[in-house]
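Chemist: Handing over data-v1.pdb, PDB, C-alpha atoms and all ligand atoms.
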```pdb
ATOM      1  CA  MET T 791     -22.377 -84.490  11.162  1.00  0.00           C
ATOM      2  CA  ALA T 792     -22.254 -87.913   9.630  1.00  0.00           C
ATOM      3  CA  LEU T 793     -20.200 -89.834   7.146  1.00  0.00           C
ATOM      4  CA  ARG T 794     -21.934 -90.564   3.863  1.00  0.00           C
ATOM      5  CA  ASN T 795     -21.356 -93.459   1.539  1.00  0.00           C
ATOM      6  CA  ILE T 796     -19.284 -92.578  -1.553  1.00  0.00           C
ATOM      7  CA  LEU T 797     -20.689 -93.983  -4.790  1.00  0.00           C
ATOM      8  CA  CYS T 798     -18.248 -95.677  -7.121  1.00  0.00           C
ATOM      9  CA  ASP T 799     -17.534 -96.220 -10.793  1.00  0.00           C
ATOM     10  CA  ASN T 800     -20.478 -95.876 -13.104  1.00  0.00           C
ATOM     11  CA  HIS T 801     -23.306 -95.581 -10.587  1.00  0.00           C
ATOM     12  CA  PRO T 802     -26.178 -93.860 -12.461  1.00  0.00           C
ATOM     13  CA  VAL T 803     -26.240 -90.856 -10.065  1.00  0.00           C
ATOM     14  CA  LEU T 804     -22.593 -90.161 -10.954  1.00  0.00           C
ATOM     15  CA  ARG T 805     -23.569 -90.129 -14.611  1.00  0.00           C
ATOM     16  CA  THR T 806     -26.583 -87.816 -14.200  1.00  0.00           C
ATOM     17  CA  PRO T 807     -26.189 -84.017 -14.383  1.00  0.00           C
ATOM     18  CA  ALA T 808     -27.064 -82.640 -10.942  1.00  0.00           C
ATOM     19  CA  GLN T 809     -29.898 -80.164 -10.326  1.00  0.00           C
ATOM     20  CA  GLU T 810     -29.507 -76.494  -9.377  1.00  0.00           C
ATOM     21  CA  VAL T 811     -30.109 -75.782  -5.699  1.00  0.00           C
ATOM     22  CA  LYS T 812     -33.227 -73.591  -5.540  1.00  0.00           C
ATOM     23  CA  ARG T 813     -33.384 -73.038  -1.798  1.00  0.00           C
ATOM     24  CA  ILE T 814     -30.533 -73.204   0.691  1.00  0.00           C
ATOM     25  CA  ASN T 815     -32.107 -74.734   3.781  1.00  0.00           C
ATOM     26  CA  SER T 816     -30.875 -76.654   6.806  1.00  0.00           C
ATOM     27  CA  ALA T 817     -30.807 -79.920   4.814  1.00  0.00           C
ATOM     28  CA  VAL T 818     -28.380 -78.331   2.334  1.00  0.00           C
ATOM     29  CA  CYS T 819     -26.151 -77.067   5.177  1.00  0.00           C
ATOM     30  CA  ARG T 820     -26.206 -80.478   6.830  1.00  0.00           C
ATOM     31  CA  LEU T 821     -25.301 -82.098   3.508  1.00  0.00           C
ATOM     32  CA  ILE T 822     -22.314 -79.738   3.121  1.00  0.00           C
ATOM     33  CA  ASP T 823     -21.112 -80.544   6.664  1.00  0.00           C
ATOM     34  CA  ASP T 824     -21.429 -84.266   5.938  1.00  0.00           C
ATOM     35  CA  MET T 825     -19.597 -83.904   2.620  1.00  0.00           C
ATOM     36  CA  ILE T 826     -16.662 -82.151   4.329  1.00  0.00           C
ATOM     37  CA  GLU T 827     -16.486 -84.845   6.983  1.00  0.00           C
ATOM     38  CA  THR T 828     -16.724 -87.594   4.354  1.00  0.00           C
ATOM     39  CA  MET T 829     -14.037 -85.965   2.184  1.00  0.00           C
ATOM     40  CA  ARG T 830     -11.637 -85.657   5.135  1.00  0.00           C
ATOM     41  CA  ASP T 831     -12.329 -89.196   6.318  1.00  0.00           C
ATOM     42  CA  ALA T 832     -11.550 -90.544   2.831  1.00  0.00           C
ATOM     43  CA  GLU T 833      -8.458 -88.302   2.636  1.00  0.00           C
ATOM     44  CA  GLY T 834      -9.774 -86.717  -0.539  1.00  0.00           C
ATOM     45  CA  VAL T 835      -9.261 -83.144  -1.710  1.00  0.00           C
ATOM     46  CA  GLY T 836     -12.737 -82.620  -3.151  1.00  0.00           C
ATOM     47  CA  LEU T 837     -16.222 -84.088  -3.232  1.00  0.00           C
ATOM     48  CA  ALA T 838     -19.346 -83.431  -5.281  1.00  0.00           C
ATOM     49  CA  ALA T 839     -22.838 -84.013  -3.856  1.00  0.00           C
ATOM     50  CA  ASN T 840     -23.717 -86.648  -6.439  1.00  0.00           C
ATOM     51  CA  GLN T 841     -20.730 -88.686  -5.234  1.00  0.00           C
ATOM     52  CA  VAL T 842     -22.695 -89.203  -2.021  1.00  0.00           C
ATOM     53  CA  GLY T 843     -25.909 -89.880  -3.935  1.00  0.00           C
ATOM     54  CA  VAL T 844     -27.470 -86.395  -3.821  1.00  0.00           C
ATOM     55  CA  SER T 845     -28.103 -85.005  -7.297  1.00  0.00           C
ATOM     56  CA  LYS T 846     -27.640 -81.325  -6.381  1.00  0.00           C
ATOM     57  CA  ARG T 847     -25.081 -78.808  -7.667  1.00  0.00           C
ATOM     58  CA  ILE T 848     -22.929 -78.609  -4.537  1.00  0.00           C
ATOM     59  CA  LEU T 849     -19.222 -79.273  -4.133  1.00  0.00           C
ATOM     60  CA  VAL T 850     -16.628 -79.034  -1.420  1.00  0.00           C
ATOM     61  CA  ALA T 851     -12.892 -78.832  -2.041  1.00  0.00           C
ATOM     62  CA  SER T 852      -9.732 -78.420  -0.078  1.00  0.00           C
ATOM     63  CA  ALA T 853      -8.260 -74.983  -0.639  1.00  0.00           C
ATOM     64  CA  CYS T 854      -4.775 -76.505  -0.252  1.00  0.00           C
ATOM     65  CA  GLY T 855      -4.122 -73.787   2.318  1.00  0.00           C
ATOM     66  CA  GLU T 856      -2.204 -74.087   5.544  1.00  0.00           C
ATOM     67  CA  ASP T 857      -5.162 -73.924   7.874  1.00  0.00           C
ATOM     68  CA  GLY T 858      -7.170 -76.672   6.166  1.00  0.00           C
ATOM     69  CA  GLU T 859      -9.602 -74.186   4.667  1.00  0.00           C
ATOM     70  CA  VAL T 860     -12.377 -75.719   2.577  1.00  0.00           C
ATOM     71  CA  TYR T 861     -14.338 -74.237  -0.296  1.00  0.00           C
ATOM     72  CA  GLU T 862     -18.086 -74.851  -0.225  1.00  0.00           C
ATOM     73  CA  LEU T 863     -19.717 -74.001  -3.523  1.00  0.00           C
ATOM     74  CA  ILE T 864     -23.426 -74.118  -4.320  1.00  0.00           C
ATOM     75  CA  ASN T 865     -24.451 -73.847  -8.001  1.00  0.00           C
ATOM     76  CA  PRO T 866     -20.857 -73.193  -9.143  1.00  0.00           C
ATOM     77  CA  ARG T 867     -20.332 -71.639 -12.559  1.00  0.00           C
ATOM     78  CA  CYS T 868     -17.142 -71.180 -14.504  1.00  0.00           C
ATOM     79  CA  GLU T 869     -17.000 -67.564 -15.714  1.00  0.00           C
ATOM     80  CA  LYS T 870     -13.560 -67.569 -17.287  1.00  0.00           C
ATOM     81  CA  VAL T 871     -10.824 -70.070 -18.103  1.00  0.00           C
ATOM     82  CA  GLU T 872      -7.252 -69.507 -19.184  1.00  0.00           C
ATOM     83  CA  GLY T 873      -4.327 -71.706 -20.237  1.00  0.00           C
ATOM     84  CA  GLU T 874      -4.047 -75.464 -20.107  1.00  0.00           C
ATOM     85  CA  ALA T 875      -1.985 -77.890 -18.069  1.00  0.00           C
ATOM     86  CA  VAL T 876      -1.874 -81.659 -17.805  1.00  0.00           C
ATOM     87  CA  GLY T 877      -1.803 -83.134 -14.298  1.00  0.00           C
ATOM     88  CA  VAL T 878      -2.326 -86.452 -12.549  1.00  0.00           C
ATOM     89  CA  GLU T 879      -5.758 -87.037 -11.016  1.00  0.00           C
ATOM     90  CA  GLY T 880      -7.493 -89.701  -9.036  1.00  0.00           C
ATOM     91  CA  CYS T 881     -11.042 -89.837  -7.714  1.00  0.00           C
ATOM     92  CA  LEU T 882     -12.774 -91.184  -4.609  1.00  0.00           C
ATOM     93  CA  SER T 883     -15.431 -92.634  -6.951  1.00  0.00           C
ATOM     94  CA  VAL T 884     -12.848 -94.364  -9.165  1.00  0.00           C
ATOM     95  CA  PRO T 885     -10.667 -96.032  -6.522  1.00  0.00           C
ATOM     96  CA  GLY T 886      -7.179 -97.172  -7.448  1.00  0.00           C
ATOM     97  CA  GLN T 887      -7.092 -95.447 -10.830  1.00  0.00           C
ATOM     98  CA  TYR T 888      -5.033 -92.446 -11.856  1.00  0.00           C
ATOM     99  CA  GLY T 889      -4.694 -90.598 -15.105  1.00  0.00           C
ATOM    100  CA  GLU T 890      -3.227 -87.543 -16.767  1.00  0.00           C
ATOM    101  CA  VAL T 891      -5.954 -84.998 -17.392  1.00  0.00           C
ATOM    102  CA  PRO T 892      -5.700 -81.696 -19.282  1.00  0.00           C
ATOM    103  CA  ARG T 893      -7.438 -78.834 -17.471  1.00  0.00           C
ATOM    104  CA  SER T 894      -7.551 -75.059 -17.642  1.00  0.00           C
ATOM    105  CA  GLU T 895      -4.755 -73.542 -15.614  1.00  0.00           C
ATOM    106  CA  LYS T 896      -6.594 -70.496 -14.289  1.00  0.00           C
ATOM    107  CA  ILE T 897     -10.311 -70.143 -13.638  1.00  0.00           C
ATOM    108  CA  ILE T 898     -12.808 -67.666 -12.302  1.00  0.00           C
ATOM    109  CA  VAL T 899     -15.742 -69.397 -10.623  1.00  0.00           C
ATOM    110  CA  THR T 900     -18.860 -67.877  -9.128  1.00  0.00           C
ATOM    111  CA  ALA T 901     -21.168 -69.734  -6.737  1.00  0.00           C
ATOM    112  CA  LEU T 902     -23.377 -69.243  -3.695  1.00  0.00           C
ATOM    113  CA  SER T 903     -22.196 -69.699  -0.131  1.00  0.00           C
ATOM    114  CA  ARG T 904     -24.336 -71.548   2.420  1.00  0.00           C
ATOM    115  CA  GLU T 905     -25.486 -68.077   3.571  1.00  0.00           C
ATOM    116  CA  GLY T 906     -26.819 -67.538   0.060  1.00  0.00           C
ATOM    117  CA  GLU T 907     -24.214 -64.905  -0.781  1.00  0.00           C
ATOM    118  CA  LYS T 908     -22.519 -64.766  -4.151  1.00  0.00           C
ATOM    119  CA  VAL T 909     -18.851 -65.742  -4.004  1.00  0.00           C
ATOM    120  CA  CYS T 910     -16.252 -65.288  -6.709  1.00  0.00           C
ATOM    121  CA  LEU T 911     -13.017 -67.273  -6.712  1.00  0.00           C
ATOM    122  CA  GLU T 912      -9.964 -66.764  -8.855  1.00  0.00           C
ATOM    123  CA  LEU T 913      -7.921 -69.960  -8.776  1.00  0.00           C
ATOM    124  CA  GLU T 914      -4.779 -71.264 -10.354  1.00  0.00           C
ATOM    125  CA  GLY T 915      -2.968 -74.597 -10.478  1.00  0.00           C
ATOM    126  CA  LEU T 916      -4.045 -77.411  -8.149  1.00  0.00           C
ATOM    127  CA  PRO T 917      -7.062 -75.681  -6.530  1.00  0.00           C
ATOM    128  CA  ALA T 918      -8.366 -74.836 -10.028  1.00  0.00           C
ATOM    129  CA  ARG T 919      -7.859 -78.455 -11.101  1.00  0.00           C
ATOM    130  CA  ILE T 920      -9.739 -79.762  -8.056  1.00  0.00           C
ATOM    131  CA  ILE T 921     -12.705 -77.421  -8.581  1.00  0.00           C
ATOM    132  CA  LEU T 922     -12.902 -78.294 -12.318  1.00  0.00           C
ATOM    133  CA  HIS T 923     -12.792 -82.022 -11.482  1.00  0.00           C
ATOM    134  CA  GLU T 924     -15.671 -81.570  -9.009  1.00  0.00           C
ATOM    135  CA  MET T 925     -17.663 -79.377 -11.420  1.00  0.00           C
ATOM    136  CA  ASP T 926     -17.338 -82.152 -14.010  1.00  0.00           C
ATOM    137  CA  HIS T 927     -18.906 -84.543 -11.466  1.00  0.00           C
ATOM    138  CA  LEU T 928     -21.922 -82.223 -11.299  1.00  0.00           C
ATOM    139  CA  ASP T 929     -22.309 -82.654 -15.068  1.00  0.00           C
ATOM    140  CA  GLY T 930     -22.022 -86.449 -14.856  1.00  0.00           C
ATOM    141  CA  ILE T 931     -18.431 -86.503 -16.130  1.00  0.00           C
ATOM    142  CA  LEU T 932     -15.623 -88.568 -14.581  1.00  0.00           C
ATOM    143  CA  PHE T 933     -11.898 -87.805 -14.971  1.00  0.00           C
ATOM    144  CA  THR T 934     -11.481 -91.101 -16.809  1.00  0.00           C
ATOM    145  CA  ASP T 935     -13.587 -89.578 -19.639  1.00  0.00           C
ATOM    146  CA  LYS T 936     -10.997 -86.835 -20.130  1.00  0.00           C
ATOM    147  CA  ALA T 937      -7.739 -88.580 -19.252  1.00  0.00           C
ATOM    148  CA  VAL T 938      -5.239 -88.555 -22.101  1.00  0.00           C
ATOM    149  CA  ARG T 939      -3.347 -91.391 -20.443  1.00  0.00           C
ATOM    150  CA  MET T 940      -4.176 -93.724 -17.572  1.00  0.00           C
ATOM    151  CA  ILE T 941      -1.301 -94.430 -15.201  1.00  0.00           C
ATOM    152  CA  ASP T 942      -0.270 -97.775 -13.829  1.00  0.00           C
ATOM    153  CA  PRO T 943      -0.369 -97.491  -9.981  1.00  0.00           C
ATOM    154  CA  ASP T 944       3.081 -99.148  -9.853  1.00  0.00           C
ATOM    155  CA  GLU T 945       4.421 -96.321 -11.968  1.00  0.00           C
ATOM    156  CA  LEU T 946       3.105 -93.785  -9.421  1.00  0.00           C
ATOM    157  CA  LYS T 947       4.648 -95.722  -6.582  1.00  0.00           C
ATOM    158  CA  SER T 948       8.088 -95.727  -8.177  1.00  0.00           C
ATOM    159  CA  GLU T 949       7.712 -91.997  -8.886  1.00  0.00           C
ATOM    160  CA  GLU T 950       6.995 -91.374  -5.211  1.00  0.00           C
ATOM    161  CA  GLU T 951       9.948 -93.478  -4.159  1.00  0.00           C
ATOM    162  CA  SER T 952      12.440 -91.853  -6.470  1.00  0.00           C
TER     163      SER T 952
HETATM  164 ZN    ZN B1001     -13.846 -87.289  -8.402  1.00  0.00          ZN
END
```
Produce structure tokens that represent the structure in this file.
Ligand code: ZN

Modeler:
Amino acid sequence: MALRNILCDNHPVLRTPAQEVKRINSAVCRLIDDMIETMRDAEGVGLAANQVGVSKRILVASACGEDGEVYELINPRCEKVEGEAVGVEGCLSVPGQYGEVPRSEKIIVTALSREGEKVCLELEGLPARIILHEMDHLDGILFTDKAVRMIDPDELKSEEES
């Protein structure tokens, strides 16, 4: 495994819709391993392949579980959305910025695993928010495009302290 460089701000690859994965081979598996390592090293909760410069529809995300489980989704597709909630988001590709972003509260997502098997996830709350944020990356969308309000980092700090 190896750490990959995370692209920032408006790098063209971040703004380009990523391509479907047609064949899951060892390069794809290696990429997923590297993405997980890179996400953990950067203390992020999710990472899309185009954030490390690979324009393929692959994402990894922390499942927010106790045992540090990680979702690995190839060609993810949102099948159903329900509700809406506004929450604070940041992004490894937009360092130092945070904003309030409306997202669906509950989602059903289908994707392929690295074994090529179809997986179906029903998610709610933070895990749903993380997956939707990463799926936006795969369409060339950043959270700053959708934020209804950007937050001053000092404001966050005082919130944490109080
Ligand atoms: Zn992001």

Chemist: What residues have any atom no more than 12 Å from ligand ZN 1001 (chain B) when counting all atoms listed in the file, and can you list them as a ChimeraX atom specification?

Modeler: /T:796-800,804-805,829,832,834-842,849-851,879-889,919-935

Chemist: Just want the 10 Å neighbourhood of T:Leu821, counted on all atoms listed in the file, with same-chain residues fewer than 5 positions away dropped. Output as a tab-separated table (two decimals) with C-alpha atoms, in the coordinates of the input.

Modeler:
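Printed below is around_33.tsv as written:
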```tsv
chain	number	residue	atom	x	y	z
T	791	MET	CA	-22.38	-84.49	11.16
T	792	ALA	CA	-22.25	-87.91	9.63
T	793	LEU	CA	-20.20	-89.83	7.15
T	794	ARG	CA	-21.93	-90.56	3.86
T	816	SER	CA	-30.88	-76.65	6.81
T	826	ILE	CA	-16.66	-82.15	4.33
T	827	GLU	CA	-16.49	-84.84	6.98
T	839	ALA	CA	-22.84	-84.01	-3.86
T	842	VAL	CA	-22.70	-89.20	-2.02
T	844	VAL	CA	-27.47	-86.40	-3.82
T	848	ILE	CA	-22.93	-78.61	-4.54
```

Chemist: What does the distance between atom CA of T:Leu911 and atom CA of T:Ala875 come to in Å, to one decimal place?

Modeler: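 Those two atoms sit 19.1 Å apart.
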
Chemist: Output the residue selection produced by the PyMOL selection byres (((chain T and resi 866) around 8) and not hetatm) on the file above, formatted as a list in words.

Modeler: Arg847, Ile848, Leu863, Ile864, Asn865, Arg867, Cys868, Val899, Thr900, Ala901, Leu902 and Met925 of chain T

Chemist: What does the structure give for the distance between atom CA of T:Asn795 and atom CA of T:Cys819, in Å to one decimal?

Modeler: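 These atoms are spaced 17.5 Å apart.
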
Chemist: My list of candidates is T:Gly906, T:Gly858, T:Pro943, T:Gly915. Which is closest to T:Val818 when distances are computed with only C-alpha atoms?

Modeler: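 Result for the nearest residue to T:Val818: T:Gly906.
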
Chemist: For T:Val871, which residue among T:Glu810, T:Glu912, T:Asp831, T:Glu945 is the nearest when counting all atoms listed in the file?

Modeler: T:Glu912

Chemist: In terms of the shortest atom-to-atom distance over only C-alpha atoms, which of T:Thr828, T:Ser845, T:Ser894, T:Asn815 is closest to T:Pro802?

Modeler: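 Among the listed residues, the smallest separation from T:Pro802 belongs to T:Ser845.
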
Chemist: To one decimal in Å, tell me the separation between atom CA of T:Asp944 and atom CA of T:Arg830.

Modeler: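 Pair atom CA of T:Asp944 / atom CA of T:Arg830 returns 25.0 Å.
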
Chemist: List the residues matched by the PyMOL selection byres (((chain T and resi 895) around 7) and not hetatm) in the displayed structure as a list in words, ordered by chain and then by residue number.

Modeler: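 With the PyMOL selection byres (((chain T and resi 895) around 7) and not hetatm) on this model, the match is Glu872, Gly873, Glu874, Ala875, Arg893, Ser894, Lys896, Ile897, Glu914, Gly915 and Ala918 of chain T.
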
Chemist: Grab the residues selected above and save them as an mmCIF file, in the coordinates of the input with C-alpha atoms.

Modeler:
```
data_model
loop_
_atom_site.group_PDB
_atom_site.id
_atom_site.type_symbol
_atom_site.label_atom_id
_atom_site.label_comp_id
_atom_site.auth_asym_id
_atom_site.auth_seq_id
_atom_site.Cartn_x
_atom_site.Cartn_y
_atom_site.Cartn_z
ATOM 1 C CA GLU T 872 -7.252 -69.507 -19.184
ATOM 2 C CA GLY T 873 -4.327 -71.706 -20.237
ATOM 3 C CA GLU T 874 -4.047 -75.464 -20.107
ATOM 4 C CA ALA T 875 -1.985 -77.890 -18.069
ATOM 5 C CA ARG T 893 -7.438 -78.834 -17.471
ATOM 6 C CA SER T 894 -7.551 -75.059 -17.642
ATOM 7 C CA LYS T 896 -6.594 -70.496 -14.289
ATOM 8 C CA ILE T 897 -10.311 -70.143 -13.638
ATOM 9 C CA GLU T 914 -4.779 -71.264 -10.354
ATOM 10 C CA GLY T 915 -2.968 -74.597 -10.478
ATOM 11 C CA ALA T 918 -8.366 -74.836 -10.028
#
```

Chemist: Which one of T:Val876, T:Ser852, T:Glu833, T:Arg904 sits closest to T:Ala817 if you count only C-alpha atoms?

Modeler: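 Smallest distance to T:Ala817 is found for T:Arg904.
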